[in-house]
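Structure below is model_5.cif: mmCIF, C-alpha atoms.
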data_input
#
loop_
_atom_site.label_atom_id
_atom_site.label_comp_id
_atom_site.auth_asym_id
_atom_site.auth_seq_id
_atom_site.Cartn_x
_atom_site.Cartn_y
_atom_site.Cartn_z
CA MET A 1 0.22 23.82 -21.58
CA GLU A 2 -3.40 23.18 -20.70
CA LYS A 3 -4.61 22.74 -17.10
CA ILE A 4 -7.76 20.70 -16.45
CA VAL A 5 -9.34 20.58 -12.96
CA GLU A 6 -12.08 18.26 -11.70
CA THR A 7 -13.52 17.96 -8.19
CA ILE A 8 -14.15 14.51 -6.71
CA PRO A 9 -16.69 14.93 -3.87
CA LYS A 10 -15.91 13.51 -0.46
CA GLU A 11 -18.96 11.22 -0.53
CA ARG A 12 -17.67 9.29 -3.53
CA ILE A 13 -14.40 8.11 -2.02
CA GLU A 14 -14.59 8.65 1.76
CA ALA A 15 -14.90 4.89 2.44
CA TYR A 16 -11.48 4.44 0.77
CA ASP A 17 -9.72 7.64 1.81
CA HIS A 18 -7.46 6.81 4.77
CA THR A 19 -4.70 9.31 4.02
CA ALA A 20 -5.47 11.49 7.05
CA ALA A 21 -5.26 8.51 9.43
CA TYR A 22 -2.14 7.10 7.77
CA PHE A 23 -0.30 10.42 7.56
CA PRO A 24 -1.59 12.30 10.64
CA GLY A 25 -0.94 16.02 10.55
CA LYS A 26 0.53 15.86 7.02
CA LYS A 27 -0.73 17.39 3.79
CA VAL A 28 -0.96 14.66 1.18
CA CYS A 29 -1.02 14.88 -2.61
CA MET A 30 -0.74 12.23 -5.35
CA PHE A 31 0.64 12.10 -8.88
CA ASP A 32 0.98 10.01 -12.01
CA ILE A 33 2.53 10.71 -15.42
CA GLU A 34 1.94 9.75 -19.05
CA THR A 35 4.93 9.57 -21.36
CA THR A 36 5.66 8.86 -25.03
CA GLY A 37 7.98 6.00 -24.06
CA LEU A 38 9.85 4.30 -21.26
CA SER A 39 13.27 5.84 -21.92
CA PRO A 40 13.55 9.47 -20.79
CA MET A 41 16.36 9.94 -23.31
CA ASN A 42 14.10 9.08 -26.24
CA SER A 43 10.67 10.23 -25.09
CA PHE A 44 8.96 12.96 -23.05
CA THR A 45 6.14 13.61 -20.58
CA TYR A 46 2.79 14.67 -21.98
CA ILE A 47 0.52 14.56 -18.90
CA ILE A 48 1.18 15.01 -15.20
CA GLY A 49 -1.86 14.22 -13.08
CA VAL A 50 -2.04 15.52 -9.50
CA ASN A 51 -4.57 14.86 -6.73
CA ILE A 52 -4.86 17.50 -4.01
CA LYS A 53 -7.24 17.91 -1.08
CA VAL A 54 -9.43 21.01 -1.16
CA GLY A 55 -11.51 21.18 2.00
CA ASP A 56 -13.19 17.79 2.39
CA ASP A 57 -13.07 17.05 -1.35
CA TRP A 58 -10.28 16.01 -3.68
CA GLN A 59 -9.31 17.71 -6.91
CA ILE A 60 -7.78 16.03 -9.93
CA ILE A 61 -5.48 18.44 -11.74
CA GLN A 62 -4.16 17.44 -15.15
CA LEU A 63 -1.26 19.34 -16.66
CA PHE A 64 -1.43 18.59 -20.39
CA ASN A 65 1.40 19.06 -22.86
CA ASP A 66 -1.07 20.09 -25.57
CA ASP A 67 1.48 21.37 -28.08
CA GLY A 68 4.32 18.87 -27.62
CA ARG A 69 6.60 21.67 -26.37
CA SER A 70 5.20 22.40 -22.91
CA GLU A 71 7.10 19.80 -20.90
CA PRO A 72 9.36 22.29 -19.03
CA GLU A 73 6.36 24.49 -18.18
CA MET A 74 4.40 21.42 -17.09
CA ILE A 75 7.17 20.15 -14.78
CA ASN A 76 7.59 23.57 -13.16
CA ALA A 77 3.81 23.88 -12.67
CA PHE A 78 3.77 20.43 -11.05
CA PHE A 79 6.53 21.34 -8.61
CA ASP A 80 4.72 24.58 -7.81
CA ILE A 81 1.55 22.62 -6.91
CA ILE A 82 3.27 20.09 -4.64
CA SER A 83 5.49 22.66 -2.92
CA ASP A 84 2.81 23.16 -0.25
CA TYR A 85 2.55 19.45 0.59
CA ASP A 86 4.38 17.03 2.90
CA VAL A 87 3.76 13.64 1.26
CA LEU A 88 3.61 12.68 -2.42
CA VAL A 89 1.73 9.42 -2.98
CA GLU A 90 2.31 7.51 -6.22
CA PHE A 91 1.96 4.03 -7.69
CA ASN A 92 5.29 2.57 -8.84
CA GLY A 93 6.52 6.15 -8.87
CA ASP A 94 9.67 5.44 -6.89
CA ARG A 95 10.83 3.16 -9.67
CA PHE A 96 9.46 4.95 -12.75
CA ASP A 97 7.67 8.32 -12.48
CA ILE A 98 10.10 10.16 -10.22
CA PRO A 99 13.35 8.98 -11.89
CA TYR A 100 11.79 9.60 -15.31
CA ILE A 101 10.99 13.23 -14.57
CA GLU A 102 14.40 13.80 -12.97
CA LYS A 103 16.15 12.43 -16.06
CA ARG A 104 13.92 14.54 -18.29
CA MET A 105 14.91 17.63 -16.30
CA ASN A 106 18.58 16.82 -16.81
CA ALA A 107 18.05 16.27 -20.53
CA ILE A 108 16.12 19.53 -20.92
CA THR A 109 18.74 21.46 -18.95
CA ASN A 110 21.58 20.02 -21.03
CA LYS A 111 19.86 20.72 -24.35
CA PHE A 112 17.97 23.98 -23.72
CA HIS A 113 19.76 25.36 -20.61
CA ILE A 114 16.46 25.50 -18.72
CA LYS A 115 17.00 24.98 -14.99
CA PHE A 116 14.60 23.37 -12.54
CA ASP A 117 14.25 23.49 -8.78
CA ASN A 118 13.75 19.78 -8.06
CA GLY A 119 10.57 19.61 -6.00
CA PHE A 120 11.08 15.93 -5.23
CA ASN A 121 13.88 16.93 -2.84
CA LYS A 122 11.39 18.84 -0.68
CA ILE A 123 8.69 16.23 -0.22
CA ARG A 124 8.44 12.67 1.08
CA SER A 125 7.41 10.13 -1.55
CA PHE A 126 5.20 7.14 -0.72
CA ASP A 127 4.72 4.29 -3.21
CA LEU A 128 1.36 2.52 -2.94
CA MET A 129 2.65 -0.41 -4.98
CA LYS A 130 5.42 -1.04 -2.45
CA CYS A 131 2.85 -0.74 0.33
CA ILE A 132 0.57 -3.49 -0.97
CA LYS A 133 3.20 -5.80 -2.50
CA PRO A 134 3.92 -7.72 0.77
CA TYR A 135 0.22 -8.62 1.03
CA LYS A 136 -0.20 -10.02 -2.49
CA TYR A 137 -0.49 -13.64 -1.32
CA ALA A 138 -2.66 -12.91 1.73
CA LEU A 139 -5.12 -10.93 -0.38
CA GLY A 140 -5.15 -13.45 -3.23
CA LEU A 141 -3.99 -10.96 -5.85
CA PRO A 142 -2.80 -12.41 -9.19
CA ASN A 143 -0.54 -9.37 -9.66
CA ILE A 144 -0.06 -5.90 -8.20
CA LYS A 145 -1.12 -3.78 -11.17
CA GLN A 146 -3.21 -0.73 -10.31
CA LYS A 147 -6.35 -2.01 -12.05
CA THR A 148 -6.03 -5.39 -10.28
CA ILE A 149 -5.91 -3.71 -6.87
CA GLU A 150 -8.81 -1.42 -7.80
CA LYS A 151 -10.85 -4.49 -8.77
CA TYR A 152 -9.96 -6.18 -5.46
CA LEU A 153 -11.25 -3.11 -3.63
CA GLY A 154 -14.49 -3.23 -5.62
CA ILE A 155 -13.70 -0.70 -8.35
CA ASP A 156 -14.13 -2.28 -11.77
CA ARG A 157 -13.45 0.31 -14.46
CA VAL A 158 -13.28 -0.33 -18.18
CA ASP A 159 -10.27 1.23 -19.90
CA THR A 160 -10.23 0.84 -23.69
CA PHE A 161 -6.51 1.64 -23.98
CA ASN A 162 -3.39 1.08 -21.93
CA GLY A 163 -0.61 3.64 -21.57
CA GLY A 164 1.47 2.17 -24.38
CA GLN A 165 -1.40 2.22 -26.86
CA LEU A 166 -2.18 5.84 -26.04
CA ILE A 167 1.21 7.06 -27.23
CA ASP A 168 0.07 6.90 -30.85
CA VAL A 169 -3.25 8.47 -29.87
CA TYR A 170 -1.43 11.42 -28.29
CA LEU A 171 0.91 11.81 -31.26
CA ASN A 172 -2.12 11.76 -33.54
CA PHE A 173 -3.62 14.56 -31.46
CA LEU A 174 -0.48 16.67 -31.91
CA THR A 175 -0.66 16.39 -35.69
CA THR A 176 -4.45 16.58 -36.18
CA ASP A 177 -5.79 18.40 -33.08
CA ASP A 178 -8.40 15.63 -33.01
CA ALA A 179 -10.86 16.14 -30.13
CA LYS A 180 -11.48 12.41 -29.66
CA SER A 181 -7.74 11.69 -29.33
CA ARG A 182 -7.44 14.46 -26.75
CA GLU A 183 -10.36 13.04 -24.78
CA LEU A 184 -8.92 9.52 -24.81
CA VAL A 185 -5.48 10.44 -23.44
CA LEU A 186 -6.89 12.75 -20.78
CA ARG A 187 -9.54 10.23 -19.75
CA HIS A 188 -7.00 7.45 -19.23
CA ASN A 189 -4.88 9.60 -16.91
CA ARG A 190 -7.95 11.04 -15.19
CA ASP A 191 -9.22 7.51 -14.39
CA ASP A 192 -5.78 6.52 -13.07
CA MET A 193 -5.83 9.56 -10.80
CA GLU A 194 -9.31 8.79 -9.45
CA GLY A 195 -8.22 5.17 -9.07
CA MET A 196 -5.39 6.29 -6.80
CA LEU A 197 -7.98 7.80 -4.47
CA TYR A 198 -9.67 4.40 -4.16
CA LEU A 199 -6.28 2.77 -3.60
CA GLY A 200 -6.28 4.59 -0.27
CA GLY A 201 -8.09 1.46 0.91
CA VAL A 202 -4.67 -0.23 0.88
CA LEU A 203 -3.56 2.03 3.72
CA ALA A 204 -6.14 0.54 6.12
CA ILE A 205 -4.73 -2.93 5.41
CA ASP A 206 -1.22 -1.70 6.13
CA MET A 207 -2.32 0.00 9.36
CA MET A 208 -3.95 -3.21 10.58
CA THR A 209 -0.83 -5.21 9.73
CA LYS A 210 1.35 -2.72 11.57
CA GLY A 211 -0.72 -3.04 14.72
CA ASN A 212 -3.24 -0.19 14.80
CA LEU A 213 -5.69 -2.19 16.87
CA SER A 214 -6.85 -3.06 20.39
CA LEU A 215 -8.13 -6.20 22.13
CA GLU A 216 -11.89 -6.67 22.47
CA ASN A 217 -11.91 -10.14 24.02
CA PHE A 218 -10.31 -13.59 23.86
CA SER A 219 -11.49 -17.14 24.42
CA VAL A 220 -10.67 -20.81 23.93
CA LYS A 221 -13.03 -22.74 21.68
CA ASP A 222 -13.40 -26.34 20.58
CA ILE A 223 -13.96 -26.39 16.82
CA ALA A 224 -14.55 -29.80 15.27
CA GLY A 225 -12.66 -31.48 18.09
CA LYS A 226 -9.66 -29.12 18.01
CA LEU A 227 -8.86 -26.36 20.50
CA PHE A 228 -8.27 -22.83 19.22
CA PHE A 229 -7.24 -19.60 20.94
CA ILE A 230 -9.58 -16.90 19.61
CA MET A 231 -8.84 -13.17 19.78
CA ASP A 232 -11.26 -10.44 18.68
CA MET A 233 -9.60 -7.11 17.88
CA ASN A 234 -10.93 -3.61 17.22
CA LEU A 235 -9.26 -1.85 14.29
CA GLU A 236 -8.53 1.86 14.55
CA THR A 237 -9.22 2.30 10.81
CA GLY A 238 -11.99 0.32 9.15
CA LEU A 239 -11.24 -1.92 6.19
CA THR A 240 -12.83 -1.42 2.79
CA LYS A 241 -12.81 -5.12 1.90
CA HIS A 242 -13.18 -8.32 3.92
CA ILE A 243 -9.87 -10.16 4.49
CA SER A 244 -9.49 -13.87 5.11
CA SER A 245 -6.04 -15.44 5.16
CA SER A 246 -4.06 -18.12 6.97
CA SER A 247 -0.52 -19.31 7.58
CA TYR A 248 0.64 -22.56 9.20
CA GLY A 249 -2.81 -23.19 10.66
CA ALA A 250 -3.21 -19.69 12.12
CA SER A 251 -5.87 -17.57 10.44
CA ILE A 252 -7.24 -14.05 10.34
CA ASP A 253 -10.66 -12.78 9.32
CA ALA A 254 -11.17 -9.04 9.24
CA GLU A 255 -13.97 -6.76 8.10
CA ASP A 256 -14.86 -3.13 8.72
CA ASP A 257 -13.36 -2.27 12.15
CA TRP A 258 -13.07 -5.86 13.44
CA ALA A 259 -10.37 -8.52 13.10
CA GLY A 260 -10.50 -12.04 14.48
CA LEU A 261 -7.53 -14.35 15.01
CA ARG A 262 -7.84 -18.11 15.32
CA ILE A 263 -4.71 -19.93 16.51
CA PRO A 264 -4.56 -23.73 17.02
CA ILE A 265 -3.60 -24.83 20.53
CA PHE A 266 -0.90 -27.43 21.10
CA ALA A 267 -1.03 -29.51 24.26
CA GLY A 268 2.15 -31.17 25.44
CA LYS A 269 5.74 -30.54 26.53
CA LEU A 270 8.05 -27.89 25.09
CA ASN A 271 11.42 -26.44 26.07
CA TYR A 272 12.47 -22.92 26.97
CA TYR A 273 16.13 -22.92 25.91
CA LEU A 274 18.64 -21.02 28.01
CA GLY A 275 20.93 -20.38 25.05
CA THR A 276 21.26 -20.86 21.30
CA LYS A 277 22.30 -24.52 21.57
CA GLU A 278 20.78 -27.59 23.18
CA LYS A 279 23.88 -28.02 25.35
CA ASP A 280 23.17 -24.64 27.00
CA GLY A 281 20.27 -26.28 28.80
CA ALA A 282 16.50 -25.84 28.81
CA ILE A 283 13.46 -25.64 31.08
CA THR A 284 10.70 -28.06 30.08
CA LYS A 285 7.06 -27.12 30.61
CA ASP A 286 3.94 -29.22 30.15
CA GLY A 287 0.83 -27.28 29.19
CA TYR A 288 -1.07 -25.54 26.42
CA PHE A 289 0.74 -23.46 23.77
CA VAL A 290 0.02 -21.33 20.69
CA THR A 291 2.43 -20.97 17.79
CA ALA A 292 4.54 -17.81 17.41
CA LEU A 293 5.84 -17.57 13.85
CA ASN A 294 9.25 -16.38 12.64
CA ASN A 295 11.49 -14.78 15.23
CA TYR A 296 8.88 -13.67 17.74
CA SER A 297 10.56 -11.05 19.90
CA GLY A 298 7.78 -10.22 22.36
CA ASN A 299 7.93 -10.19 26.13
CA SER A 300 6.40 -13.64 26.53
CA ALA A 301 8.73 -16.61 26.99
CA LEU A 302 9.26 -18.48 23.72
CA TYR A 303 9.18 -22.28 23.86
CA LYS A 304 10.68 -24.30 21.00
CA ASP A 305 11.06 -27.74 19.49
CA SER A 306 14.80 -27.10 19.14
CA ALA A 307 17.18 -24.35 20.24
CA ARG A 308 17.83 -23.15 16.69
CA SER A 309 14.21 -23.02 15.55
CA LYS A 310 13.10 -19.59 14.28
CA SER A 311 9.50 -20.21 15.21
CA GLY A 312 8.25 -21.23 18.61
CA TYR A 313 5.32 -21.24 20.99
CA VAL A 314 3.84 -19.02 23.66
CA MET A 315 2.47 -20.79 26.72
CA LEU A 316 -1.17 -20.11 27.65
CA ASP A 317 -0.40 -19.75 31.35
CA ASP A 318 -1.69 -17.28 33.93
CA THR A 319 1.14 -14.84 33.19
CA PHE A 320 0.12 -14.55 29.53
CA LEU A 321 -3.65 -14.79 29.87
CA GLY A 322 -3.72 -12.32 32.76
CA ASN A 323 -1.83 -9.61 30.87
CA GLU A 324 -3.70 -7.83 28.08
CA ASP A 325 -0.53 -6.13 26.84
CA LEU A 326 1.09 -9.53 26.24
CA ILE A 327 -1.97 -10.79 24.35
CA VAL A 328 -2.13 -7.67 22.15
CA GLU A 329 1.62 -7.88 21.51
CA TYR A 330 1.22 -11.51 20.44
CA ALA A 331 -1.86 -10.73 18.29
CA LYS A 332 0.01 -7.96 16.45
CA HIS A 333 2.89 -10.30 15.74
CA MET A 334 0.61 -13.01 14.37
CA ILE A 335 -1.39 -10.62 12.16
CA TYR A 336 1.87 -9.28 10.76
CA GLU A 337 3.21 -12.76 10.00
CA ILE A 338 -0.04 -14.03 8.46
CA MET A 339 -0.43 -10.95 6.24
CA LYS A 340 3.21 -11.04 5.14
CA TYR A 341 3.20 -14.78 4.40
CA ASN A 342 4.34 -15.36 0.80
CA GLY A 343 3.08 -18.90 0.38
CA LYS A 344 6.48 -20.55 0.63
#

Please render this file's structure as structure tokens.
Amino acid sequence: MEKIVETIPKERIEAYDHTAAYFPGKKVCMFDIETTGLSPMNSFTYIIGVNIKVGDDWQIIQLFNDDGRSEPEMINAFFDIISDYDVLVEFNGDRFDIPYIEKRMNAITNKFHIKFDNGFNKIRSFDLMKCIKPYKYALGLPNIKQKTIEKYLGIDRVDTFNGGQLIDVYLNFLTTDDAKSRELVLRHNRDDMEGMLYLGGVLAIDMMTKGNLSLENFSVKDIAGKLFFIMDMNLETGLTKHISSSSYGASIDAEDDWAGLRIPIFAGKLNYYLGTKEKDGAITKDGYFVTALNNYSGNSALYKDSARSKSGYVMLDDTFLGNEDLIVEYAKHMIYEIMKYNGK
């Protein structure tokens, strides 16, 4: 087994690195694997890439199965590295990388009687692909492949080969010891590992959606003859990329450490239902309202068109406008709903 180590200086990725804010007080590492196939029964692992924090910088560690026989040693070395960490970040690793290695361990144990201490049982896994998937529509992503997300975040790398094509390149290296083949397979994994550092920008989006923000100010504005309730929010963690998205007329614009919400105002009469059916009775109010999408469960009264409606309206009365907590609660709900909107 060969071990290759490269330092990525803090300055190169600090605008994207939100792991400390997202996992406060936790030691975070990352990993990705390269294999000779998709089936762990008919293929094996030939690279395990690991990102670890060393001081303010990151290190990319590549464990390379350079002789075709080092897989057990490589897996044990990987578990030894991550044993000092709390969180293991991966991309589609919950579905592929982790189960693949676990099945390879079982196969190796059954065939060669080599036992492993499963390091995955001692660390929390976190899948970046699962994290960004709910925001695919809001961010305008055509798919959720790693390179697509990197490009969205402003990282446009050129990769001559994909993982499947590199299988033959690796096998050629094993038979010829060709230096160019070695460089190609290591470079692909190395670029994936550095790419994962940039994908940390996804975490800031998730933190905003989950409500890591505070109210700066609010106002009512007439825009092209229509009234809108405007809320300006301060984000606890700054965004890497500008976001602009909308759902059912409500919209969000966010950039750096600011997010702005624009919600259309409805003027008229709505009912506050006293039960789940019209026959249970209702209190009718005449005034100004803003929409509250999909099962709003905040502390403001929810007015509806019908008793069974999932969406409703919050009234812009003195109780709501005079209570910052209610406004922030409502803003968090709307940001969540807009960002999770799937276009249907």

Could you check how far atom CA of Ala301 of chain A sits from atom CA of Ala267 of chain A, in Å to one decimal? 16.4 Å

Can you list what the PyMOL selection byres ((chain A and resi 308) around 7) grabs from this structure, as a PyMOL selection string? chain A and resi 276-277+306-307+309-310

Extract, using all atoms listed in the file, all DNA, RNA and protein residues at most 9 Å from Leu63 of chain A, discarding same-chain residues fewer than 6 positions from it, and format them as an mmCIF file with C-alpha atoms, in the frame of the given file.
data_model
loop_
_atom_site.group_PDB
_atom_site.id
_atom_site.type_symbol
_atom_site.label_atom_id
_atom_site.label_comp_id
_atom_site.auth_asym_id
_atom_site.auth_seq_id
_atom_site.Cartn_x
_atom_site.Cartn_y
_atom_site.Cartn_z
ATOM 1 C CA MET A 1 0.220 23.820 -21.580
ATOM 2 C CA GLU A 2 -3.400 23.180 -20.700
ATOM 3 C CA LYS A 3 -4.610 22.740 -17.100
ATOM 4 C CA ILE A 4 -7.760 20.700 -16.450
ATOM 5 C CA VAL A 5 -9.340 20.580 -12.960
ATOM 6 C CA TYR A 46 2.790 14.670 -21.980
ATOM 7 C CA ILE A 47 0.520 14.560 -18.900
ATOM 8 C CA ILE A 48 1.180 15.010 -15.200
ATOM 9 C CA GLY A 49 -1.860 14.220 -13.080
ATOM 10 C CA VAL A 50 -2.040 15.520 -9.500
ATOM 11 C CA MET A 74 4.400 21.420 -17.090
ATOM 12 C CA ILE A 75 7.170 20.150 -14.780
ATOM 13 C CA ALA A 77 3.810 23.880 -12.670
ATOM 14 C CA PHE A 78 3.770 20.430 -11.050
#

Apply the PyMOL selection byres ((chain A and resi 36-38) around 12) to the displayed file and report the matching residues as an NGL selection string. :A and (33-35 or 39-47 or 65 or 68 or 71 or 95-97 or 99-101 or 103-104 or 163-172 or 185)

Selection under test: the PyMOL selection byres ((chain A and resi 254) around 6); residues as an MDAnalysis selection string: chainID A and resid 242:243 253 255 258:259

Name the residues within 7 Å of (3.1, 8.5, -3.2), counting only C-alpha atoms in the file's coordinates, and put them as a list in words.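 Result, sorted by chain then residue number: Met30, Val87, Leu88, Val89, Glu90, Phe91, Ser125, Phe126, Asp127 and Leu128 of chain A.
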
What's the separation between atom CA of Gly287 of chain A and atom CA of Gly268 of chain A, in Å to one decimal place? 5.6 Å

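Using all atoms listed in the file, the shortest contact distance between Phe289 of chain A and any of A:Leu199, A:Ile338, A:Phe228, A:Gly343 is found at A:Phe228.
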